[in-house]
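> After the structure tokens below, expect a handful of questions from me.
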Amino acid sequence: MPKYCYAFANGKAEGKGKGKELLGGKGAGLAEMTDLGIPVPPGFTISTEVCKVYYDNDRTYPESLDGEIDEHIVHLEQAMGAKFGDHDNPLLVSVRSGAAVSMPGMMDTVLNLGLNPAAVDGLIKKTDNPRFGWDAYRRFIQMFGNVVMGINGEKFEHELDAVKQSAGVAEDTDLSAEHLQDVVKRFENVYEQHTGKPFPTEPREQLRLSIDAVFGSWNNDRAIKYRQLNKIAGLIGTAVNVQAMVFGNMGNTSATGVCFTRDPATGENVFYGEYLINAQGEDVVAGIRTPHPIAKLGEEMPDAYAELVETKNRLERHYADVQDMEFTIQEDKLYFLQTRTGKRTAPAAVKIAVDMVEEGMITQEIALQRVEAGQLDQLLHPTFDPKADKVVLATGLPASPGAAKGKVVFTADDAEAWVARGEQVILVRSETSPEDIGGMHAARGILTATGGMTSHAAVVARGMGTCCVAGCGAVVIDNASKQFSVNSTTVKEGDIISLDGSTGEVMLGDVPTVDPKLGDEYHKLMGWADGVRTMKIRTNADTPHDAQVARDFGAEGIGLCRTEHMFFEGDRIVAVREMILADDEAGRRAALAKLLPMQRDDFVGIFTTMNGLPVTIRLLDPPLHEFLPHEEDSQQEMADTLGVSIDVVRRKVKLLHEFNPMLGHRGCRLGITYPEIYEMQVQAILEAAVAVTAKDVNCLPEIMIPLIGTIQELTFTKERALAVAERVLAEAATTLEFLIGTMIEIPRAALTADEIAAEAQFFSFGTNDLTQMAFGYSRDDSGGFLTEYVQKGILPDDPFQTIDETGVGQLMRIAVEKGRGARPNLKIGICGEHGGDPASIDLCHRLGMNYVSCSPYRVPIARLAAAHAALKHG
């Protein structure tokens, strides 16, 4: 008979070594801590395999599961010396989720399960603490009602607030036992009004319904959204952990908290966390009360604090990584409820990785793998200019670093809607809840009025790399009016504010920013990455400024310089349009002669900036109609500038119109129809190369002919390029090394790569167009349905963000194998937007490419992703 439940109690764990895939992260951590002799309340884990069976069989369980649960409840009763459902000595349990990959707050938890009126009486007699008994019961009704039965939590909060107002107190902890008894009655009424039946009093029914709810939460909207946002795939489901309750709400000798072995925001090696006296864990995480910094616990409970510090150090050494722990102190005795790898910001990830190498805890290779390549994007974000004038409205807790500014919105739904129409927003909430995940992801920054550094808002924001200021008590939110106030200042929906997640400052208006400064740890980590990776990292850059930015970030060349972008600068668009309007070759050459010195100067600047590094320049790619105006006023202005009638302009616009420009008269097709265009560009490239070489600049030009589909197209354009090169070099009486290659962006080119490699000295995959043509999707028009395709599982990812390995990747593999079969030393790279995507970079490494090329600010990400690929695949 298969085993589905794994006990942990009294220093022994059945699940030891079973791993996160079976026990989930929480269950594996509980088993490991139990085996280490760390004080963990006993319990058992229902494995992730049950979740898979549950969903595979129309939400039904394996036949043997009920018996296993009953058996483990008996063992739990024996370990705790209490009985489940007993009126005099009741055993209370928590029911918690726990997937193999941490998903903080996305799935469900129920605490204090097993209570009913008779058990409350027994609990009060046992503890001689009436307030504790009624507090535990009101918490259970609210959590069970919300989590299991789907009752809006605000319905309960409304009743709780009414009792506090009547009692004249501000905090839950100030309510007496009698007040809490009133709260329980009100909560029972809320439950019955919304479910049509009384609150269940039979503990086994409570347990069954709670297990159902936790397994059901695996596929709730917020959990699905979180997995999509974080690209979590391949998991079979969540585990369920049933664990004996320990109580942090038994009075002033009890407490609960969340802590990290190091600061997850900065990476500093300091004990970081928060706690609340006389509270349960949800109070800290949900931001219901603003907790105290963990260091203060040393003053209030020195013995428990000393044990906490000793154990957190032990756990970090054991796992050789930062740990995120939950603990409860019940009447001065410390218990650990969770340990897991701590989520951290990018700055923290880099610092922790480097520090742990220097502390001898991990190797450089492990350190590289500890930092996700995509995380580095956070390090490259601007920060607020310290010299800028700013109006600081209030200061909260610096929960997640960054500089964010945008228009204020007050709901997660509004955040998503406003961002969808192109706005940048700051989400302002009293506190966030797991249901807000979509809006939190959309927002540039998050501001909460309550909650601490380990609240839901703080933990999720840090995981996303989103700026967050939490627990800003000076902010008074009026959701009905969609505004908040700080003293006499009112900020309304749509007003712009700025958040500094590193200082906690909330500022009025749009505060100027400055470029970031990268620290020593970053440079050290990237140096290790460069020593490991085998692929070069180039950049896509069209100006000397972009080229310099990329070079400063570690780019080793330019993989794509788009010459058409240069045509729009200054007065040169006039010469371009003159060339387009010309009726014959002579007229076109006359106009191109005006462009020649401009193009040459462009290349001089880029070659000089990239001294000693290769520069791949793509000849003109877009169709000519993109350079013509389509509005009446602009057409008249063009006609006046060129001294022609507007009818001439209109006729040319109409003549060049295409129904499907992506497949139309562009790329090498222009170079074949109008060879003089490519001749001018090749001349400009090589004249610039000659000029900078004379000034001791080491110039390595690579001329790339776009949109090749047949060998004949490449032969035609290459022969003319070589003729121009021969003339330019003869006139300069010099020699120069350069390459001529092509983009592989048409499926036919990939399939006939052996023929094309006979003429091409290098290939560069244009994966944007290759994806469009392989799928038959228009990149400009597919946004309306690709998101839904991913959500519904039609595609695993947007193929314009991550290369489709099954289809497009197969075309690339064919091209690499055929190309190198014909020319063994063929240089191969990629220059589409995929060049900065870590998953696509992994594919490029496996295909044996020489380099990837990406936008300047993605260069660090590509460097680290290439190192990850080398470590993973060798």
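Residue names in the structure tokens use chain letters A, B, ... in the order shown, residue numbers from 1 in each chain, and ligand numbers from 1 in the order shown.
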Would you return as a VMD selection string the members of segment 24-254 of chain A that DSSP assigns to strand (DSSP E or B) on this structure's backbone?

chain A and resid 43 to 46 83 90 93 to 99 109 to 113 238 to 244

> Show me a table, sorted first by chain and then by increasing residue number, of the residues of segment 108-135 of chain A having an atom at most 12 Å from segment 268-278 of chain A, each with its shortest atom pair and the distance in Å to one decimal, counting only C-alpha atoms and written as CSV.


```
residue,atom,partner,partner_atom,distance
A:Arg131,CA,A:Asn278,CA,10.9
A:Phe132,CA,A:Asn278,CA,9.1
A:Asp135,CA,A:Asn278,CA,10.4
```

> Among segment 160-282 of chain A, which residues carry a DSSP assignment of alpha helix (DSSP H), reported as a PyMOL selection string?

chain A and resi 160-167+177-195+203-217+221-229+281-282

> List the spatial neighbours of segment 774-790 of chain A as a ChimeraX atom specification - criterion: any atom at most 12 Å away, only C-alpha atoms, same-chain residues fewer than 6 positions off excluded.

/A:224-225,227-229,231,420,660-663,745-751,767-768,796-812,833

> For segment 255-264 of chain A, please output as number ranges by chain all residues within 8 Å (counting only C-alpha atoms; exclusion window: fewer than 2 positions along the same chain).

A: 247-249, 252-253, 266-281, 284-285, 294, 312-313, 316, 322-330, 342-345, 348-349, 454, 462

> Restrict the selected residues to C-alpha atoms and save them as a PDB file, in the first residue's frame.


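Okay, part00.pdb is ready:
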```pdb
ATOM      1  CA  PHE A 247       0.549  29.422  21.074  1.00  0.00           C
ATOM      2  CA  GLY A 248       2.146  32.823  20.952  1.00  0.00           C
ATOM      3  CA  ASN A 249      -1.048  34.413  22.231  1.00  0.00           C
ATOM      4  CA  ASN A 252       3.092  38.383  27.844  1.00  0.00           C
ATOM      5  CA  THR A 253       5.363  35.337  28.191  1.00  0.00           C
ATOM      6  CA  THR A 266      20.636  44.423   1.783  1.00  0.00           C
ATOM      7  CA  GLY A 267      22.459  41.138   2.382  1.00  0.00           C
ATOM      8  CA  GLU A 268      24.173  42.450   5.518  1.00  0.00           C
ATOM      9  CA  ASN A 269      25.213  39.696   7.919  1.00  0.00           C
ATOM     10  CA  VAL A 270      22.883  40.849  10.691  1.00  0.00           C
ATOM     11  CA  PHE A 271      20.003  39.021  12.359  1.00  0.00           C
ATOM     12  CA  TYR A 272      16.846  40.358  10.744  1.00  0.00           C
ATOM     13  CA  GLY A 273      13.242  39.873  11.724  1.00  0.00           C
ATOM     14  CA  GLU A 274      10.223  40.943  13.697  1.00  0.00           C
ATOM     15  CA  TYR A 275       7.986  39.630  16.440  1.00  0.00           C
ATOM     16  CA  LEU A 276       4.847  40.384  18.404  1.00  0.00           C
ATOM     17  CA  ILE A 277       4.128  39.632  22.038  1.00  0.00           C
ATOM     18  CA  ASN A 278       0.834  37.835  22.724  1.00  0.00           C
ATOM     19  CA  ALA A 279       0.062  37.128  19.057  1.00  0.00           C
ATOM     20  CA  GLN A 280      -0.147  34.399  16.441  1.00  0.00           C
ATOM     21  CA  GLY A 281       1.943  34.186  13.291  1.00  0.00           C
ATOM     22  CA  VAL A 284       2.963  39.398  11.770  1.00  0.00           C
ATOM     23  CA  VAL A 285       2.651  38.212   8.190  1.00  0.00           C
ATOM     24  CA  ILE A 294      13.871  41.175  16.478  1.00  0.00           C
ATOM     25  CA  LYS A 312      19.417  30.404  13.449  1.00  0.00           C
ATOM     26  CA  ASN A 313      23.234  30.267  13.218  1.00  0.00           C
ATOM     27  CA  GLU A 316      22.391  28.720   8.268  1.00  0.00           C
ATOM     28  CA  VAL A 322      20.131  32.271   4.269  1.00  0.00           C
ATOM     29  CA  GLN A 323      17.170  30.850   6.179  1.00  0.00           C
ATOM     30  CA  ASP A 324      13.690  32.338   6.536  1.00  0.00           C
ATOM     31  CA  MET A 325      12.245  31.033   9.811  1.00  0.00           C
ATOM     32  CA  GLU A 326       8.962  31.234  11.707  1.00  0.00           C
ATOM     33  CA  PHE A 327       8.966  30.757  15.450  1.00  0.00           C
ATOM     34  CA  THR A 328       6.594  30.806  18.388  1.00  0.00           C
ATOM     35  CA  ILE A 329       7.407  31.261  22.051  1.00  0.00           C
ATOM     36  CA  GLN A 330       4.797  29.660  24.296  1.00  0.00           C
ATOM     37  CA  GLY A 342      15.075  33.035   2.299  1.00  0.00           C
ATOM     38  CA  LYS A 343      13.903  35.071  -0.652  1.00  0.00           C
ATOM     39  CA  ARG A 344      16.104  38.124  -1.157  1.00  0.00           C
ATOM     40  CA  THR A 345      16.559  41.163  -3.341  1.00  0.00           C
ATOM     41  CA  ALA A 348      21.224  41.058  -1.156  1.00  0.00           C
ATOM     42  CA  ALA A 349      21.632  37.957  -3.333  1.00  0.00           C
ATOM     43  CA  THR A 454       8.204  40.588   7.128  1.00  0.00           C
ATOM     44  CA  ARG A 462      11.299  41.596  -2.303  1.00  0.00           C
TER      45      ARG A 462
END
```

> Excluding segment 862-864 of chain A and residues on its chain fewer than 3 positions from it, collect all residues at most 9 Å away from it, counting only C-alpha atoms, and give them as a PyMOL selection string.

chain A and resi 368-369+371-374+376+525-526+529-530+533+535-537+554-555+835-838+841+852-854+858-859+867-869

> The selected residues should be written to file as a CSV table (one decimal), in the first residue's frame (atoms: N, CA, C and O atoms).


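Full text of again_33.csv as output:
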```csv
chain,number,residue,atom,x,y,z
A,368,LEU,N,27.6,31.6,-7.8
A,368,LEU,CA,27.1,32.0,-9.1
A,368,LEU,C,25.6,31.5,-9.3
A,368,LEU,O,24.8,32.2,-9.7
A,369,GLN,N,25.4,30.3,-8.8
A,369,GLN,CA,24.1,29.7,-9.0
A,369,GLN,C,23.1,30.2,-8.0
A,369,GLN,O,21.9,30.1,-8.2
A,371,VAL,N,22.5,33.4,-7.5
A,371,VAL,CA,22.0,34.6,-8.0
A,371,VAL,C,21.3,34.3,-9.3
A,371,VAL,O,21.9,33.9,-10.2
A,372,GLU,N,20.0,34.6,-9.3
A,372,GLU,CA,19.3,34.4,-10.6
A,372,GLU,C,19.7,35.5,-11.6
A,372,GLU,O,19.8,36.7,-11.2
A,373,ALA,N,19.9,35.1,-12.8
A,373,ALA,CA,20.4,36.1,-13.8
A,373,ALA,C,19.4,37.2,-13.9
A,373,ALA,O,19.8,38.4,-14.0
A,374,GLY,N,18.1,36.9,-14.0
A,374,GLY,CA,17.1,37.9,-14.2
A,374,GLY,C,17.0,38.9,-13.0
A,374,GLY,O,16.6,40.1,-13.2
A,376,LEU,N,19.5,40.4,-11.7
A,376,LEU,CA,20.4,41.5,-11.8
A,376,LEU,C,19.8,42.8,-12.4
A,376,LEU,O,20.3,43.9,-12.2
A,525,LEU,N,31.5,39.0,-8.3
A,525,LEU,CA,30.7,38.0,-8.8
A,525,LEU,C,30.7,37.8,-10.3
A,525,LEU,O,30.8,36.8,-10.9
A,526,MET,N,30.6,39.0,-11.0
A,526,MET,CA,30.7,39.0,-12.5
A,526,MET,C,32.0,38.5,-13.0
A,526,MET,O,32.1,37.9,-14.1
A,529,ALA,N,31.8,34.9,-13.0
A,529,ALA,CA,30.9,34.4,-14.1
A,529,ALA,C,31.7,34.4,-15.4
A,529,ALA,O,31.6,33.5,-16.2
A,530,ASP,N,32.5,35.5,-15.6
A,530,ASP,CA,33.3,35.6,-16.9
A,530,ASP,C,34.3,34.5,-17.0
A,530,ASP,O,34.7,34.0,-18.1
A,533,ARG,N,31.9,31.1,-18.0
A,533,ARG,CA,31.1,31.0,-19.3
A,533,ARG,C,32.0,30.8,-20.5
A,533,ARG,O,33.2,31.2,-20.5
A,535,MET,N,30.5,31.3,-23.8
A,535,MET,CA,29.9,32.2,-24.8
A,535,MET,C,30.3,33.6,-24.6
A,535,MET,O,30.4,34.1,-23.4
A,536,LYS,N,30.6,34.4,-25.6
A,536,LYS,CA,30.8,35.8,-25.5
A,536,LYS,C,29.5,36.5,-25.4
A,536,LYS,O,28.4,36.0,-25.8
A,537,ILE,N,29.5,37.7,-24.8
A,537,ILE,CA,28.3,38.5,-24.7
A,537,ILE,C,28.5,39.8,-25.5
A,537,ILE,O,29.4,40.6,-25.2
A,554,GLY,N,30.2,45.3,-19.6
A,554,GLY,CA,31.0,44.1,-19.9
A,554,GLY,C,30.7,43.5,-21.3
A,554,GLY,O,31.1,42.4,-21.5
A,555,ALA,N,30.1,44.2,-22.2
A,555,ALA,CA,29.9,43.7,-23.5
A,555,ALA,C,31.2,43.5,-24.2
A,555,ALA,O,32.1,44.3,-24.1
A,835,GLY,N,18.3,37.3,-26.9
A,835,GLY,CA,19.7,37.3,-26.4
A,835,GLY,C,19.9,37.7,-25.0
A,835,GLY,O,20.9,37.5,-24.4
A,836,GLY,N,18.8,38.3,-24.4
A,836,GLY,CA,18.9,38.7,-23.0
A,836,GLY,C,18.0,37.9,-22.1
A,836,GLY,O,17.9,38.2,-20.9
A,837,ASP,N,17.5,36.9,-22.6
A,837,ASP,CA,16.6,36.0,-21.8
A,837,ASP,C,17.3,34.8,-21.3
A,837,ASP,O,17.9,34.0,-22.1
A,838,PRO,N,17.4,34.6,-20.0
A,838,PRO,CA,18.2,33.5,-19.4
A,838,PRO,C,17.9,32.1,-20.0
A,838,PRO,O,18.8,31.3,-20.3
A,841,ILE,N,19.2,31.9,-23.5
A,841,ILE,CA,20.7,31.8,-23.4
A,841,ILE,C,21.2,30.4,-23.1
A,841,ILE,O,22.2,29.9,-23.7
A,852,VAL,N,25.9,35.6,-27.6
A,852,VAL,CA,24.6,36.2,-27.7
A,852,VAL,C,24.7,37.7,-27.7
A,852,VAL,O,25.7,38.2,-27.1
A,853,SER,N,23.7,38.4,-28.2
A,853,SER,CA,23.8,39.8,-28.2
A,853,SER,C,22.4,40.3,-27.7
A,853,SER,O,21.4,39.8,-28.0
A,854,CYS,N,22.5,41.3,-26.9
A,854,CYS,CA,21.3,41.8,-26.2
A,854,CYS,C,21.4,43.3,-26.0
A,854,CYS,O,22.4,43.9,-26.2
A,858,ARG,N,20.8,44.6,-20.5
A,858,ARG,CA,20.7,43.2,-20.3
A,858,ARG,C,22.0,42.4,-20.3
A,858,ARG,O,22.1,41.2,-20.1
A,859,VAL,N,23.1,43.2,-20.6
A,859,VAL,CA,24.4,42.5,-20.7
A,859,VAL,C,24.8,41.8,-19.5
A,859,VAL,O,25.3,40.6,-19.5
A,867,ALA,N,27.1,32.0,-17.7
A,867,ALA,CA,27.8,31.2,-16.7
A,867,ALA,C,27.0,30.1,-16.1
A,867,ALA,O,27.5,28.9,-15.9
A,868,HIS,N,25.7,30.4,-15.8
A,868,HIS,CA,24.8,29.3,-15.4
A,868,HIS,C,24.7,28.2,-16.3
A,868,HIS,O,24.8,27.0,-15.9
A,869,ALA,N,24.6,28.5,-17.6
A,869,ALA,CA,24.5,27.5,-18.6
A,869,ALA,C,25.8,26.6,-18.7
A,869,ALA,O,25.7,25.4,-18.8
```
